[in-house]
Amino acid sequence: MKYPFFASFIMFCLWLLYTLHRQRSKEANSDKDFWKREAAANSTRRKSLDNLDYIRIPFEALPMDTLADDPAVAEYHETLRELSKEPIVNFTGISNTDLKLMYGAPNIDILSRYDQRYTVLVRTLQNFAQTLYDKGYLDEACRILEFSVSTRTDISATYKLLATIYREKGETEKIAGLIPVAKELNSSLSKHIVAALEEFLPQ
């Protein structure tokens, strides 16, 4: 009885060794490919940034007069005004290596700053909208959130709050309109956001 068990154990060990070897080979090849692309990226010359999808903050369309004296809202206003003074671009889901390949290694620092401003922008918009919503300003919060979604944010709370407002306003058809937007996001959160939105749809 010991021999079949021993043979099975040997086979398992051989299979395990083969699997580990194959995994290490894949990881080695992956590392090799990464450093090859990184080397190519670092040698890419500076390219024009004129055609980037720059984001403009539409102050004229945002509820800047609502609760303007509220300390938190005033802080959001100040942040948005400061952000509007410099370029803002959404590079969510694009690695630094890809950015260097696309726009040149010398541009990576400025592109990173553009993206950092975008992160601050969408977080500020989410907090701004949540504050107005909590105080009963649904329409005003809705306008902020719709602008944020138009920039292709991947903040889940933004989509959930907007869907909540649509439902409360009896505009559930607009929730369905958010799903294609979420599906096209260049983000690992895309499927999570889609699933969350589908829960808001009428059964």
# chains A, B, ... in the order shown; residues from 1 in each chain; ligands from 1

$ residues_around --residues "Gln130 in chain A" --least-positions-apart "4" --cutoff "10 Å" --atoms "only C-alpha atoms" --output "NGL selection string"
:A and (124-126 or 134-138 or 141-142 or 144-145 or 157-158 or 161-162)

$ write_last_selection --atoms "N, CA and C atoms" --output "PDB file, in the first residue's frame"
ATOM      1  N   THR A 124     -12.040  66.706  -4.540  1.00  0.00           N
ATOM      2  CA  THR A 124     -12.673  67.946  -4.083  1.00  0.00           C
ATOM      3  C   THR A 124     -14.117  68.021  -4.560  1.00  0.00           C
ATOM      4  N   LEU A 125     -14.344  67.641  -5.808  1.00  0.00           N
ATOM      5  CA  LEU A 125     -15.706  67.656  -6.353  1.00  0.00           C
ATOM      6  C   LEU A 125     -16.609  66.694  -5.590  1.00  0.00           C
ATOM      7  N   GLN A 126     -16.090  65.520  -5.248  1.00  0.00           N
ATOM      8  CA  GLN A 126     -16.882  64.545  -4.492  1.00  0.00           C
ATOM      9  C   GLN A 126     -17.255  65.102  -3.124  1.00  0.00           C
ATOM     10  N   ASP A 134     -25.868  66.561   1.574  1.00  0.00           N
ATOM     11  CA  ASP A 134     -26.214  66.369   2.985  1.00  0.00           C
ATOM     12  C   ASP A 134     -27.052  67.523   3.536  1.00  0.00           C
ATOM     13  N   LYS A 135     -26.932  68.680   2.925  1.00  0.00           N
ATOM     14  CA  LYS A 135     -27.687  69.853   3.375  1.00  0.00           C
ATOM     15  C   LYS A 135     -28.951  70.087   2.544  1.00  0.00           C
ATOM     16  N   GLY A 136     -29.268  69.103   1.687  1.00  0.00           N
ATOM     17  CA  GLY A 136     -30.522  69.152   0.951  1.00  0.00           C
ATOM     18  C   GLY A 136     -30.489  69.803  -0.417  1.00  0.00           C
ATOM     19  N   TYR A 137     -29.314  70.108  -0.935  1.00  0.00           N
ATOM     20  CA  TYR A 137     -29.200  70.745  -2.252  1.00  0.00           C
ATOM     21  C   TYR A 137     -28.913  69.675  -3.319  1.00  0.00           C
ATOM     22  N   LEU A 138     -29.974  68.942  -3.676  1.00  0.00           N
ATOM     23  CA  LEU A 138     -29.810  67.822  -4.603  1.00  0.00           C
ATOM     24  C   LEU A 138     -29.409  68.269  -6.000  1.00  0.00           C
ATOM     25  N   ALA A 141     -25.808  69.515  -6.083  1.00  0.00           N
ATOM     26  CA  ALA A 141     -24.865  68.405  -5.959  1.00  0.00           C
ATOM     27  C   ALA A 141     -24.805  67.608  -7.254  1.00  0.00           C
ATOM     28  N   CYS A 142     -25.952  67.463  -7.883  1.00  0.00           N
ATOM     29  CA  CYS A 142     -26.042  66.717  -9.139  1.00  0.00           C
ATOM     30  C   CYS A 142     -25.173  67.348 -10.217  1.00  0.00           C
ATOM     31  N   ILE A 144     -22.483  69.128  -9.871  1.00  0.00           N
ATOM     32  CA  ILE A 144     -21.074  68.889  -9.566  1.00  0.00           C
ATOM     33  C   ILE A 144     -20.669  67.478  -9.958  1.00  0.00           C
ATOM     34  N   LEU A 145     -21.502  66.526  -9.589  1.00  0.00           N
ATOM     35  CA  LEU A 145     -21.198  65.120  -9.857  1.00  0.00           C
ATOM     36  C   LEU A 145     -21.196  64.826 -11.357  1.00  0.00           C
ATOM     37  N   ALA A 157     -17.726  56.511  -5.058  1.00  0.00           N
ATOM     38  CA  ALA A 157     -18.703  57.283  -4.296  1.00  0.00           C
ATOM     39  C   ALA A 157     -19.390  58.331  -5.161  1.00  0.00           C
ATOM     40  N   THR A 158     -18.687  58.840  -6.160  1.00  0.00           N
ATOM     41  CA  THR A 158     -19.282  59.837  -7.056  1.00  0.00           C
ATOM     42  C   THR A 158     -20.432  59.228  -7.850  1.00  0.00           C
ATOM     43  N   LEU A 161     -23.391  58.340  -5.396  1.00  0.00           N
ATOM     44  CA  LEU A 161     -24.158  59.502  -4.950  1.00  0.00           C
ATOM     45  C   LEU A 161     -24.997  60.063  -6.093  1.00  0.00           C
ATOM     46  N   LEU A 162     -24.440  60.089  -7.293  1.00  0.00           N
ATOM     47  CA  LEU A 162     -25.204  60.587  -8.436  1.00  0.00           C
ATOM     48  C   LEU A 162     -26.396  59.677  -8.721  1.00  0.00           C
TER      49      LEU A 162
END

$ residues_around --residues "Ala68 in chain A" --least-positions-apart "4" --cutoff "12 Å" --atoms "only C-alpha atoms" --output "list of chain:residue names"
A:Leu62, A:Pro63, A:Met64, A:Ala72, A:Val73, A:Ala74, A:Glu75, A:Tyr76, A:His77, A:Glu78, A:Phe128, A:Thr131, A:Leu132

$ atom_distance --atom1 "CA of Thr172 in chain A" --atom2 "CA of Ile193 in chain A"
16.4 Å

$ residues_around --residues "Asn96 in chain A" --least-positions-apart "6" --cutoff "12 Å" --atoms "only C-alpha atoms" --output "ChimeraX atom specification"
/A:34,37-38,41-42,102-113,115

$ write_last_selection --atoms "C-alpha atoms" --output "short mmCIF file (atom, residue, chain, number, x, y, z; two decimals), in the first residue's frame"
data_model
loop_
_atom_site.label_atom_id
_atom_site.label_comp_id
_atom_site.auth_asym_id
_atom_site.auth_seq_id
_atom_site.Cartn_x
_atom_site.Cartn_y
_atom_site.Cartn_z
CA PHE A 34 9.23 45.56 -18.33
CA ARG A 37 10.02 48.89 -22.28
CA GLU A 38 11.35 51.07 -19.47
CA ALA A 41 10.66 54.84 -22.52
CA ASN A 42 13.63 56.53 -20.87
CA MET A 102 3.75 58.44 -25.45
CA TYR A 103 5.06 61.90 -24.57
CA GLY A 104 8.78 61.55 -23.91
CA ALA A 105 10.78 60.90 -20.77
CA PRO A 106 11.61 64.60 -20.19
CA ASN A 107 7.87 65.30 -19.75
CA ILE A 108 7.19 62.73 -17.04
CA ASP A 109 7.46 65.15 -14.10
CA ILE A 110 5.06 67.69 -15.57
CA LEU A 111 2.63 64.95 -16.65
CA SER A 112 2.67 63.55 -13.12
CA ARG A 113 1.76 67.00 -11.79
CA ASP A 115 -2.43 63.90 -13.03
#

$ atom_distance --atom1 "CA of Ile155 in chain A" --atom2 "CA of Val122 in chain A"
7.7 Å

$ select_by_dssp --residues "range 22-123 of chain A" --states "helix (DSSP H, G or I)" --output "CSV table (one decimal) with N, CA and C atoms, in the first residue's frame"
chain,number,residue,atom,x,y,z
A,22,ARG,N,7.8,27.0,-14.1
A,22,ARG,CA,7.1,27.7,-15.1
A,22,ARG,C,6.7,29.1,-14.7
A,23,GLN,N,6.3,29.2,-13.4
A,23,GLN,CA,5.9,30.5,-12.8
A,23,GLN,C,7.1,31.4,-12.8
A,24,ARG,N,8.3,30.9,-12.3
A,24,ARG,CA,9.5,31.7,-12.3
A,24,ARG,C,9.9,32.2,-13.7
A,25,SER,N,9.7,31.3,-14.7
A,25,SER,CA,10.1,31.7,-16.0
A,25,SER,C,9.2,32.8,-16.5
A,26,LYS,N,7.9,32.7,-16.2
A,26,LYS,CA,7.0,33.8,-16.6
A,26,LYS,C,7.3,35.1,-16.0
A,27,GLU,N,7.7,35.0,-14.7
A,27,GLU,CA,8.0,36.2,-13.9
A,27,GLU,C,9.3,36.9,-14.5
A,28,ALA,N,10.2,36.0,-14.8
A,28,ALA,CA,11.5,36.5,-15.4
A,28,ALA,C,11.3,37.1,-16.7
A,29,ASN,N,10.5,36.5,-17.6
A,29,ASN,CA,10.1,37.1,-18.9
A,29,ASN,C,9.4,38.4,-18.7
A,30,SER,N,8.5,38.5,-17.7
A,30,SER,CA,7.7,39.7,-17.5
A,30,SER,C,8.7,40.8,-17.0
A,31,ASP,N,9.6,40.5,-16.1
A,31,ASP,CA,10.6,41.5,-15.7
A,31,ASP,C,11.4,42.0,-16.8
A,32,LYS,N,11.8,41.0,-17.7
A,32,LYS,CA,12.7,41.4,-18.8
A,32,LYS,C,11.9,42.3,-19.8
A,33,ASP,N,10.7,42.0,-20.0
A,33,ASP,CA,9.8,42.8,-20.9
A,33,ASP,C,9.7,44.2,-20.3
A,34,PHE,N,9.4,44.3,-19.0
A,34,PHE,CA,9.2,45.6,-18.3
A,34,PHE,C,10.5,46.4,-18.5
A,35,TRP,N,11.6,45.9,-18.2
A,35,TRP,CA,12.9,46.7,-18.2
A,35,TRP,C,13.2,47.1,-19.6
A,36,LYS,N,12.8,46.2,-20.6
A,36,LYS,CA,13.1,46.6,-22.0
A,36,LYS,C,12.2,47.8,-22.4
A,37,ARG,N,10.9,47.8,-22.0
A,37,ARG,CA,10.0,48.9,-22.3
A,37,ARG,C,10.5,50.1,-21.5
A,38,GLU,N,10.9,49.9,-20.3
A,38,GLU,CA,11.4,51.1,-19.5
A,38,GLU,C,12.6,51.7,-20.1
A,39,ALA,N,13.5,50.9,-20.6
A,39,ALA,CA,14.7,51.5,-21.3
A,39,ALA,C,14.3,52.3,-22.5
A,40,ALA,N,13.3,51.7,-23.3
A,40,ALA,CA,12.8,52.4,-24.5
A,40,ALA,C,12.1,53.7,-24.1
A,41,ALA,N,11.4,53.7,-23.0
A,41,ALA,CA,10.7,54.8,-22.5
A,41,ALA,C,11.6,55.9,-22.1
A,42,ASN,N,12.7,55.6,-21.4
A,42,ASN,CA,13.6,56.5,-20.9
A,42,ASN,C,14.4,57.2,-22.0
A,59,PHE,N,-16.7,76.9,-13.9
A,59,PHE,CA,-17.3,77.6,-12.8
A,59,PHE,C,-18.7,78.2,-13.0
A,60,GLU,N,-18.9,78.5,-14.3
A,60,GLU,CA,-20.2,79.1,-14.6
A,60,GLU,C,-21.3,78.1,-14.5
A,61,ALA,N,-21.0,76.8,-14.6
A,61,ALA,CA,-22.0,75.8,-14.5
A,61,ALA,C,-22.1,75.1,-13.1
A,71,PRO,N,-17.8,77.2,5.8
A,71,PRO,CA,-16.3,77.1,5.8
A,71,PRO,C,-15.8,76.0,4.9
A,72,ALA,N,-16.5,74.8,4.9
A,72,ALA,CA,-16.1,73.7,4.1
A,72,ALA,C,-16.2,74.0,2.6
A,73,VAL,N,-17.4,74.6,2.3
A,73,VAL,CA,-17.6,74.9,0.9
A,73,VAL,C,-16.7,76.0,0.4
A,74,ALA,N,-16.4,76.9,1.3
A,74,ALA,CA,-15.4,78.0,0.9
A,74,ALA,C,-14.0,77.4,0.6
A,75,GLU,N,-13.7,76.4,1.4
A,75,GLU,CA,-12.4,75.7,1.2
A,75,GLU,C,-12.4,74.9,-0.2
A,76,TYR,N,-13.5,74.3,-0.5
A,76,TYR,CA,-13.6,73.6,-1.8
A,76,TYR,C,-13.5,74.6,-2.9
A,77,HIS,N,-14.1,75.8,-2.8
A,77,HIS,CA,-14.0,76.8,-3.8
A,77,HIS,C,-12.6,77.3,-4.0
A,78,GLU,N,-11.9,77.5,-2.9
A,78,GLU,CA,-10.5,77.9,-3.0
A,78,GLU,C,-9.6,76.9,-3.7
A,79,THR,N,-9.8,75.6,-3.4
A,79,THR,CA,-9.1,74.5,-4.0
A,79,THR,C,-9.3,74.5,-5.5
A,80,LEU,N,-10.6,74.6,-5.9
A,80,LEU,CA,-10.9,74.6,-7.3
A,80,LEU,C,-10.3,75.8,-8.0
A,81,ARG,N,-10.3,76.9,-7.4
A,81,ARG,CA,-9.7,78.1,-8.1
A,81,ARG,C,-8.2,78.0,-8.2
A,82,GLU,N,-7.6,77.4,-7.2
A,82,GLU,CA,-6.1,77.2,-7.3
A,82,GLU,C,-5.8,76.1,-8.4
A,83,LEU,N,-6.6,75.1,-8.5
A,83,LEU,CA,-6.4,74.1,-9.5
A,83,LEU,C,-6.6,74.6,-10.9
A,96,ASN,N,3.6,55.2,-15.7
A,96,ASN,CA,4.6,56.2,-16.0
A,96,ASN,C,5.4,55.7,-17.3
A,97,THR,N,5.7,54.4,-17.4
A,97,THR,CA,6.4,53.9,-18.5
A,97,THR,C,5.6,54.3,-19.8
A,98,ASP,N,4.3,54.0,-19.8
A,98,ASP,CA,3.5,54.4,-21.0
A,98,ASP,C,3.5,55.9,-21.3
A,99,LEU,N,3.4,56.7,-20.2
A,99,LEU,CA,3.4,58.1,-20.4
A,99,LEU,C,4.7,58.6,-21.1
A,100,LYS,N,5.9,58.0,-20.6
A,100,LYS,CA,7.1,58.3,-21.2
A,100,LYS,C,7.2,57.9,-22.7
A,101,LEU,N,6.7,56.7,-23.0
A,101,LEU,CA,6.7,56.3,-24.4
A,101,LEU,C,5.8,57.2,-25.2
A,102,MET,N,4.7,57.6,-24.7
A,102,MET,CA,3.8,58.4,-25.4
A,102,MET,C,4.2,59.9,-25.6
A,103,TYR,N,4.8,60.5,-24.6
A,103,TYR,CA,5.1,61.9,-24.6
A,103,TYR,C,6.5,62.3,-24.3
A,105,ALA,N,10.3,61.0,-22.1
A,105,ALA,CA,10.8,60.9,-20.8
A,105,ALA,C,11.0,62.3,-20.1
A,106,PRO,N,11.4,63.3,-20.8
A,106,PRO,CA,11.6,64.6,-20.2
A,106,PRO,C,10.3,65.2,-19.7
A,107,ASN,N,9.2,64.7,-20.2
A,107,ASN,CA,7.9,65.3,-19.8
A,107,ASN,C,7.2,64.6,-18.6
A,108,ILE,N,7.9,63.6,-18.0
A,108,ILE,CA,7.2,62.7,-17.0
A,108,ILE,C,6.9,63.5,-15.8
A,109,ASP,N,7.7,64.4,-15.3
A,109,ASP,CA,7.5,65.1,-14.1
A,109,ASP,C,6.2,66.1,-14.3
A,110,ILE,N,6.2,66.8,-15.4
A,110,ILE,CA,5.1,67.7,-15.6
A,110,ILE,C,3.8,66.9,-15.8
A,111,LEU,N,3.8,65.8,-16.5
A,111,LEU,CA,2.6,65.0,-16.7
A,111,LEU,C,2.1,64.4,-15.3
A,112,SER,N,3.0,64.0,-14.5
A,112,SER,CA,2.7,63.6,-13.1
A,112,SER,C,2.0,64.6,-12.3
A,113,ARG,N,2.4,65.9,-12.5
A,113,ARG,CA,1.8,67.0,-11.8
A,113,ARG,C,0.4,67.2,-12.3
A,114,TYR,N,0.2,67.1,-13.7
A,114,TYR,CA,-1.1,67.2,-14.3
A,114,TYR,C,-2.1,66.2,-13.7
A,115,ASP,N,-1.6,65.0,-13.5
A,115,ASP,CA,-2.4,63.9,-13.0
A,115,ASP,C,-2.7,64.1,-11.5
A,116,GLN,N,-1.7,64.5,-10.8
A,116,GLN,CA,-1.9,64.8,-9.4
A,116,GLN,C,-3.0,65.8,-9.1
A,117,ARG,N,-3.0,66.9,-10.0
A,117,ARG,CA,-4.1,67.9,-9.9
A,117,ARG,C,-5.4,67.3,-10.2
A,118,TYR,N,-5.5,66.4,-11.1
A,118,TYR,CA,-6.7,65.7,-11.4
A,118,TYR,C,-7.3,64.9,-10.2
A,119,THR,N,-6.4,64.2,-9.6
A,119,THR,CA,-6.8,63.5,-8.4
A,119,THR,C,-7.4,64.4,-7.3
A,120,VAL,N,-6.7,65.5,-7.1
A,120,VAL,CA,-7.2,66.5,-6.1
A,120,VAL,C,-8.6,67.1,-6.6
A,121,LEU,N,-8.7,67.3,-7.9
A,121,LEU,CA,-9.9,67.8,-8.5
A,121,LEU,C,-11.1,66.9,-8.2
A,122,VAL,N,-11.0,65.7,-8.5
A,122,VAL,CA,-12.2,64.8,-8.4
A,122,VAL,C,-12.5,64.5,-6.9
A,123,ARG,N,-11.5,64.5,-6.1
A,123,ARG,CA,-11.8,64.3,-4.7
A,123,ARG,C,-12.5,65.5,-4.1

$ atom_distance --atom1 "CA of Pro87 in chain A" --atom2 "CA of Leu49 in chain A"
10.7 Å

$ residues_around --residues "Ser84 in chain A" --least-positions-apart "6" --cutoff "9 Å" --atoms "only C-alpha atoms" --output "list of chain:residue names"
A:Ile55, A:Arg56, A:Ile57

$ residues_around --residues "Ile175 in chain A" --least-positions-apart "4" --cutoff "8 Å" --atoms "only C-alpha atoms" --output "list in words"
Ala163, Tyr166, Arg167, Glu171, Ile179, Leu197, Phe200 and Leu201 of chain A

$ closest_residue --among "A:Glu173, A:His192, A:Lys85, A:Pro58" --to "Arg143 in chain A" --atoms "only C-alpha atoms"
A:Pro58

$ residues_around --residues "range 181-186 of chain A" --least-positions-apart "3" --cutoff "7 Å" --atoms "only C-alpha atoms" --output "ChimeraX atom specification"
/A:92-93,152,178,190-191,193-194

$ write_last_selection --atoms "N, CA and C atoms" --output "tab-separated table (two decimals), in the first residue's frame"
chain	number	residue	atom	x	y	z
A	92	THR	N	-5.53	58.41	-15.41
A	92	THR	CA	-5.87	57.21	-14.64
A	92	THR	C	-5.66	55.95	-15.48
A	93	GLY	N	-4.98	54.97	-14.92
A	93	GLY	CA	-4.78	53.70	-15.61
A	93	GLY	C	-3.61	53.67	-16.56
A	152	ARG	N	-14.37	61.46	-16.45
A	152	ARG	CA	-14.06	60.04	-16.37
A	152	ARG	C	-13.38	59.68	-15.04
A	178	LEU	N	-25.32	55.96	-16.92
A	178	LEU	CA	-24.00	56.01	-16.30
A	178	LEU	C	-23.20	54.72	-16.53
A	190	SER	N	-13.53	49.83	-12.63
A	190	SER	CA	-14.63	49.91	-13.60
A	190	SER	C	-15.74	48.89	-13.31
A	191	LYS	N	-15.38	47.63	-13.14
A	191	LYS	CA	-16.39	46.59	-12.91
A	191	LYS	C	-17.11	46.80	-11.59
A	193	ILE	N	-17.71	49.66	-10.12
A	193	ILE	CA	-18.64	50.78	-10.28
A	193	ILE	C	-19.87	50.34	-11.06
A	194	VAL	N	-19.67	49.56	-12.11
A	194	VAL	CA	-20.80	49.06	-12.91
A	194	VAL	C	-21.72	48.23	-12.03
